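For reference, start_4.json is printed below; it contains JSON, C-alpha atoms.
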```json
[["chain", "number", "residue", "atom", "x", "y", "z"],
["D", 190, "MET", "CA", 55.01, -73.09, -59.45],
["D", 191, "SER", "CA", 56.73, -76.49, -59.85],
["D", 192, "GLY", "CA", 59.30, -74.95, -62.22],
["D", 193, "LEU", "CA", 60.38, -72.42, -59.58],
["D", 194, "SER", "CA", 62.99, -73.06, -57.06],
["D", 195, "LYS", "CA", 62.07, -73.39, -53.45],
["D", 196, "THR", "CA", 63.63, -69.99, -52.75],
["D", 197, "ALA", "CA", 61.59, -68.31, -55.46],
["D", 198, "GLN", "CA", 58.47, -70.06, -54.24],
["D", 199, "ALA", "CA", 59.14, -68.87, -50.71],
["D", 200, "ILE", "CA", 59.69, -65.30, -51.96],
["D", 201, "LEU", "CA", 56.50, -65.43, -54.02],
["D", 202, "VAL", "CA", 54.48, -66.78, -51.11],
["D", 203, "ALA", "CA", 55.93, -64.14, -48.80],
["D", 204, "PHE", "CA", 55.14, -61.41, -51.36],
["D", 205, "MET", "CA", 51.56, -62.65, -51.74],
["D", 206, "MET", "CA", 51.12, -62.75, -47.98],
["D", 207, "VAL", "CA", 52.51, -59.22, -47.66],
["D", 208, "PHE", "CA", 50.21, -58.07, -50.49],
["D", 209, "MET", "CA", 47.17, -59.72, -48.93],
["D", 210, "MET", "CA", 48.11, -58.26, -45.56],
["D", 211, "ALA", "CA", 48.41, -54.83, -47.15],
["D", 212, "VAL", "CA", 45.01, -55.23, -48.84],
["D", 213, "LEU", "CA", 43.49, -56.37, -45.53],
["D", 214, "LEU", "CA", 45.03, -53.47, -43.65],
["D", 215, "TRP", "CA", 43.85, -51.02, -46.32],
["D", 216, "THR", "CA", 40.36, -52.51, -46.17],
["D", 217, "LEU", "CA", 40.32, -52.30, -42.39],
["D", 218, "HIS", "CA", 41.62, -48.74, -42.53],
["D", 219, "SER", "CA", 38.97, -47.75, -45.07],
["D", 220, "GLN", "CA", 36.26, -49.40, -42.95],
["D", 221, "LYS", "CA", 37.55, -47.60, -39.89],
["D", 222, "MET", "CA", 37.54, -44.28, -41.74],
["D", 223, "ASP", "CA", 34.00, -44.92, -42.97],
["D", 224, "ASP", "CA", 32.93, -45.79, -39.44],
["D", 225, "GLN", "CA", 34.55, -42.67, -38.09],
["D", 226, "LYS", "CA", 32.85, -40.56, -40.74],
["D", 227, "LYS", "CA", 29.51, -42.15, -39.90],
["D", 228, "ILE", "CA", 30.08, -41.63, -36.18],
["D", 229, "SER", "CA", 31.09, -38.02, -36.81],
["D", 230, "ALA", "CA", 27.98, -37.49, -38.93],
["D", 231, "ASP", "CA", 25.78, -39.11, -36.28],
["D", 232, "LEU", "CA", 27.39, -37.01, -33.56],
["D", 233, "SER", "CA", 26.91, -33.86, -35.63],
["D", 234, "VAL", "CA", 23.22, -34.67, -36.17],
["D", 235, "ALA", "CA", 22.79, -35.53, -32.49],
["D", 236, "ASN", "CA", 24.56, -32.33, -31.49],
["D", 237, "ARG", "CA", 22.33, -30.25, -33.76],
["D", 238, "LYS", "CA", 19.25, -31.96, -32.32],
["D", 239, "LEU", "CA", 20.54, -31.34, -28.82],
["D", 240, "VAL", "CA", 21.18, -27.67, -29.58],
["D", 241, "LEU", "CA", 17.71, -27.29, -31.12],
["D", 242, "THR", "CA", 16.11, -29.11, -28.19],
["D", 243, "GLN", "CA", 17.98, -26.98, -25.69],
["D", 244, "ALA", "CA", 17.03, -23.83, -27.61],
["D", 245, "GLU", "CA", 13.36, -24.88, -27.61],
["D", 246, "GLN", "CA", 13.53, -25.71, -23.91],
["D", 247, "LEU", "CA", 15.21, -22.39, -23.16],
["D", 248, "ALA", "CA", 12.57, -20.56, -25.20],
["D", 249, "GLN", "CA", 9.80, -22.38, -23.34],
["D", 250, "GLN", "CA", 11.49, -21.69, -20.01],
["D", 251, "LYS", "CA", 11.84, -18.01, -20.98],
["D", 252, "VAL", "CA", 8.15, -17.79, -21.87],
["D", 253, "GLU", "CA", 7.18, -19.54, -18.64],
["D", 254, "LEU", "CA", 9.50, -17.30, -16.61],
["D", 255, "GLU", "CA", 8.08, -14.17, -18.24],
["D", 256, "ARG", "CA", 4.55, -15.42, -17.53],
["D", 257, "ARG", "CA", 5.38, -16.06, -13.87],
["D", 258, "VAL", "CA", 7.10, -12.68, -13.54],
["D", 259, "ALA", "CA", 4.05, -10.96, -15.07],
["D", 260, "GLN", "CA", 1.75, -12.83, -12.67],
["D", 261, "THR", "CA", 3.97, -11.93, -9.72],
["D", 262, "ILE", "CA", 4.04, -8.25, -10.73],
["D", 263, "ALA", "CA", 0.26, -8.20, -11.22],
["D", 264, "ARG", "CA", -0.31, -9.96, -7.90],
["D", 265, "SER", "CA", 2.12, -7.64, -6.12],
["D", 266, "SER", "CA", 0.43, -4.58, -7.63],
["D", 267, "THR", "CA", -3.01, -5.86, -6.61],
["D", 268, "GLU", "CA", -1.85, -6.71, -3.09],
["D", 269, "ALA", "CA", -0.06, -3.37, -2.78],
["D", 270, "GLY", "CA", -3.18, -1.55, -3.93],
["D", 271, "ARG", "CA", -5.32, -3.58, -1.54],
["D", 272, "ALA", "CA", -2.94, -2.89, 1.35],
["D", 273, "PHE", "CA", -2.87, 0.80, 0.45],
["D", 274, "SER", "CA", -6.68, 0.92, 0.31],
["D", 275, "THR", "CA", -7.00, -0.89, 3.63],
["D", 276, "SER", "CA", -4.54, 1.41, 5.39],
["D", 277, "GLN", "CA", -6.27, 4.50, 3.98],
["D", 278, "SER", "CA", -9.68, 3.19, 5.02],
["D", 279, "VAL", "CA", -8.50, 2.42, 8.54],
["D", 280, "ALA", "CA", -6.84, 5.83, 8.89],
["D", 281, "ALA", "CA", -9.94, 7.64, 7.60],
["D", 282, "THR", "CA", -12.19, 5.63, 9.93],
["D", 283, "GLU", "CA", -10.03, 6.53, 12.91],
["D", 284, "VAL", "CA", -10.21, 10.22, 11.96],
["D", 285, "LEU", "CA", -14.01, 10.03, 11.67],
["D", 286, "ILE", "CA", -14.41, 8.37, 15.07],
["D", 287, "THR", "CA", -12.00, 10.80, 16.76],
["D", 288, "THR", "CA", -13.77, 13.80, 15.22],
["D", 289, "ALA", "CA", -17.19, 12.47, 16.24],
["D", 290, "ASP", "CA", -16.04, 11.91, 19.84],
["D", 291, "LYS", "CA", -14.48, 15.36, 20.01],
["D", 292, "LEU", "CA", -17.70, 17.05, 18.83],
["D", 293, "GLY", "CA", -20.06, 15.01, 21.01],
["D", 294, "VAL", "CA", -21.84, 13.00, 18.30],
["D", 295, "GLU", "CA", -22.11, 9.24, 17.97],
["D", 296, "ILE", "CA", -21.43, 7.31, 14.80],
["D", 297, "ILE", "CA", -24.10, 4.59, 14.65],
["D", 298, "GLU", "CA", -23.38, 3.42, 11.11],
["D", 299, "LEU", "CA", -20.28, 3.62, 8.96],
["D", 300, "ARG", "CA", -20.01, 1.98, 5.56],
["D", 301, "SER", "CA", -17.65, 2.15, 2.62],
["D", 302, "ALA", "CA", -18.07, 0.70, -0.86],
["D", 303, "GLY", "CA", -14.30, 0.39, -1.20],
["D", 304, "PRO", "CA", -11.79, 2.39, -3.24],
["D", 305, "ALA", "CA", -12.16, 3.29, -6.88],
["D", 306, "SER", "CA", -9.74, 4.87, -9.34],
["D", 307, "GLN", "CA", -10.83, 7.92, -11.29],
["D", 308, "LYS", "CA", -9.55, 11.22, -12.65],
["D", 309, "LEU", "CA", -10.27, 14.68, -11.31],
["D", 310, "GLN", "CA", -9.40, 17.35, -13.85],
["D", 311, "GLY", "CA", -7.02, 14.90, -15.52],
["D", 312, "VAL", "CA", -5.26, 13.91, -12.28],
["D", 313, "PRO", "CA", -5.41, 10.19, -11.38],
["D", 314, "VAL", "CA", -6.86, 9.76, -7.89],
["D", 315, "ARG", "CA", -8.22, 6.98, -5.74],
["D", 316, "SER", "CA", -11.51, 7.79, -4.12],
["D", 317, "LEU", "CA", -12.74, 6.22, -0.90],
["D", 318, "PRO", "CA", -16.47, 6.82, -0.34],
["D", 319, "PHE", "CA", -18.07, 6.70, 3.11],
["D", 320, "SER", "CA", -21.69, 6.61, 4.16],
["D", 321, "ILE", "CA", -21.86, 7.89, 7.74],
["D", 322, "LYS", "CA", -24.87, 8.04, 10.04],
["D", 323, "VAL", "CA", -24.39, 10.00, 13.25],
["D", 324, "GLU", "CA", -26.66, 10.99, 16.09],
["D", 325, "GLY", "CA", -26.52, 13.84, 18.56],
["D", 326, "ASP", "CA", -27.54, 17.40, 19.21],
["D", 327, "VAL", "CA", -28.38, 19.21, 16.01],
["D", 328, "LEU", "CA", -25.74, 21.91, 16.52],
["D", 329, "ASN", "CA", -23.10, 19.25, 17.18],
["D", 330, "LEU", "CA", -24.14, 17.46, 13.99],
["D", 331, "VAL", "CA", -23.68, 20.67, 12.03],
["D", 332, "ASP", "CA", -20.26, 21.12, 13.62],
["D", 333, "PHE", "CA", -19.35, 17.52, 12.72],
["D", 334, "VAL", "CA", -20.32, 17.97, 9.07],
["D", 335, "THR", "CA", -18.41, 21.27, 8.93],
["D", 336, "ALA", "CA", -15.35, 19.66, 10.51],
["D", 337, "LEU", "CA", -15.20, 16.96, 7.83],
["D", 338, "SER", "CA", -13.91, 19.43, 5.24],
["D", 339, "GLN", "CA", -11.17, 20.43, 7.70],
["D", 340, "VAL", "CA", -10.02, 16.95, 8.75],
["D", 341, "PHE", "CA", -10.20, 15.75, 5.13],
["D", 342, "PRO", "CA", -8.81, 18.62, 3.02],
["D", 343, "ALA", "CA", -8.74, 16.26, 0.01],
["D", 344, "GLY", "CA", -12.32, 15.20, 0.55],
["D", 345, "THR", "CA", -15.80, 16.22, -0.49],
["D", 346, "VAL", "CA", -19.08, 16.06, 1.40],
["D", 347, "LYS", "CA", -21.42, 14.87, -1.36],
["D", 348, "SER", "CA", -24.66, 15.14, 0.57],
["D", 349, "VAL", "CA", -26.07, 15.66, 4.05],
["D", 350, "GLY", "CA", -29.48, 14.74, 5.40],
["D", 351, "ILE", "CA", -30.50, 15.72, 8.93],
["D", 352, "ASP", "CA", -33.56, 14.17, 10.55],
["D", 353, "LEU", "CA", -35.10, 14.24, 13.95],
["D", 354, "GLY", "CA", -34.62, 10.99, 15.82],
["D", 355, "ALA", "CA", -37.32, 8.90, 17.46],
["D", 356, "SER", "CA", -37.04, 10.75, 20.77],
["D", 357, "LEU", "CA", -40.37, 12.66, 20.78],
["D", 358, "ASN", "CA", -42.59, 13.94, 23.55],
["D", 359, "PRO", "CA", -45.49, 11.47, 23.23],
["D", 360, "GLN", "CA", -47.98, 13.85, 24.89],
["D", 361, "ALA", "CA", -47.17, 17.03, 23.01],
["D", 362, "GLY", "CA", -46.28, 15.25, 19.78],
["D", 363, "SER", "CA", -43.29, 17.49, 19.38],
["D", 364, "PRO", "CA", -39.52, 17.07, 19.90],
["D", 365, "GLU", "CA", -38.36, 17.18, 23.48],
["D", 366, "MET", "CA", -36.83, 20.55, 24.19],
["D", 367, "ASN", "CA", -34.22, 19.18, 26.59],
["D", 368, "GLY", "CA", -31.99, 17.61, 23.94],
["D", 369, "PRO", "CA", -33.69, 15.37, 21.41],
["D", 370, "ARG", "CA", -31.31, 13.16, 19.43],
["D", 371, "TRP", "CA", -31.07, 14.19, 15.84],
["D", 372, "SER", "CA", -29.48, 12.06, 13.15],
["D", 373, "ALA", "CA", -27.47, 13.02, 10.11],
["D", 374, "THR", "CA", -26.61, 10.89, 7.10],
["D", 375, "VAL", "CA", -23.46, 12.09, 5.39],
["D", 376, "GLN", "CA", -22.02, 10.93, 2.06],
["D", 377, "LEU", "CA", -18.29, 11.66, 2.17],
["D", 378, "GLU", "CA", -15.68, 10.97, -0.48],
["D", 379, "VAL", "CA", -11.97, 11.08, 0.41],
["D", 380, "TYR", "CA", -9.37, 11.37, -2.36],
["D", 381, "THR", "CA", -5.73, 10.36, -2.47],
["D", 382, "TYR", "CA", -3.27, 10.68, -5.32],
["D", 383, "ASP", "CA", -3.03, 7.50, -7.37],
["D", 384, "GLY", "CA", 0.39, 7.35, -8.97],
["D", 385, "GLY", "CA", 0.01, 3.65, -9.95],
["D", 386, "PRO", "CA", 2.20, 0.73, -8.73],
["D", 387, "ASN", "CA", 5.37, 2.82, -9.03],
["D", 388, "GLY", "CA", 3.84, 6.11, -7.95]]
```
Please rewrite the model in this file as structure tokens.
Amino acid sequence: MSGLSKTAQAILVAFMMVFMMAVLLWTLHSQKMDDQKKISADLSVANRKLVLTQAEQLAQQKVELERRVAQTIARSSTEAGRAFSTSQSVAATEVLITTADKLGVEIIELRSAGPASQKLQGVPVRSLPFSIKVEGDVLNLVDFVTALSQVFPAGTVKSVGIDLGASLNPQAGSPEMNGPRWSATVQLEVYTYDGGPNG
């Protein structure tokens, strides 16, 4: 460069500096573009992972929600059936007591095994069985048993057993003629239509 004039040297140095600056800027620009591409690729991967994770979480939440809904429906159906059975049992018990009082007999034992679902001639019904033991005059007991088919039109008297009570004439060894207490054991089954949870 000693053969060049100072002006030429200055121009050459300036050109080299501009060239180097251009190379540096191009390198920086390329690096920036590469970084941006890498960031975009990373963001795309992260976004896909996020979408997949959210989809999995939503699927799990959907399954859990469906499970809880099914449990709630089942529990509601069971509780509704239990409430229905309880109300029917209470109503039937009240009818039995009222009928017994009206006909002059005394219920000394009343039991129920609880409701059961079954079909009568293809029709779904809920049966409520009762075991009833009553005491009183024999004619009143007959009237009571007869009245059951009237107060429970959708009911069936399965069996009746009438026995003489313990009130005997100890000297004659025969029932007292002035009103011995007889007892009757009645198996009654009351039916109601069972339309299911929505019926």
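One finds CA of Thr381 in chain D at 5.6 Å from CA of Val314 in chain D.
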- prompt: Which one of D:Leu328, D:Leu337, D:Val252, D:Val375 sits closest to Ile297 in chain D if you count all atoms listed in the file?
  reply: D:Val375
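For the pair CA of Ser372 in chain D and CA of Phe333 in chain D, the interatomic distance is 11.5 Å.
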Surrounding residues of Val349 in chain D excluding itself and chain neighbours under 4 positions, 10 Å, all atoms listed in the file, as an mmCIF file with C-alpha atoms, keeping the file's coordinate frame:
```
data_model
loop_
_atom_site.group_PDB
_atom_site.id
_atom_site.type_symbol
_atom_site.label_atom_id
_atom_site.label_comp_id
_atom_site.auth_asym_id
_atom_site.auth_seq_id
_atom_site.Cartn_x
_atom_site.Cartn_y
_atom_site.Cartn_z
ATOM 1 C CA ILE D 321 -21.860 7.890 7.740
ATOM 2 C CA LYS D 322 -24.870 8.040 10.040
ATOM 3 C CA VAL D 331 -23.680 20.670 12.030
ATOM 4 C CA VAL D 334 -20.320 17.970 9.070
ATOM 5 C CA ALA D 373 -27.470 13.020 10.110
ATOM 6 C CA THR D 374 -26.610 10.890 7.100
ATOM 7 C CA VAL D 375 -23.460 12.090 5.390
ATOM 8 C CA GLN D 376 -22.020 10.930 2.060
ATOM 9 C CA LEU D 377 -18.290 11.660 2.170
#
```
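Going from CA of Ala343 in chain D over to CA of Glu295 in chain D, you cover 23.5 Å.
Comparing the minimum interatomic distances between Gly344 in chain D and each of D:Leu330, D:Ala235, D:Val379, D:Leu213, counting all atoms listed in the file, we find that D:Val379 sits nearest.
For the point (-13.0, 5.1, -6.2), the residues with an atom at a distance of at most 12 Å are D:Ser274, D:Ser278, D:Ser301, D:Ala302, D:Gly303, D:Pro304, D:Ala305, D:Ser306, D:Gln307, D:Lys308, D:Leu309, D:Pro313, D:Val314, D:Arg315, D:Ser316, D:Leu317, D:Pro318, D:Phe319, D:Leu377, D:Glu378, D:Val379, D:Tyr380, D:Thr381, D:Tyr382, D:Asp383, counting all atoms listed in the file.
Among the candidates D:Ala230, D:Phe341, D:Ile296, D:Met222, the one nearest to Gln277 in chain D when counting all atoms listed in the file is D:Phe341.
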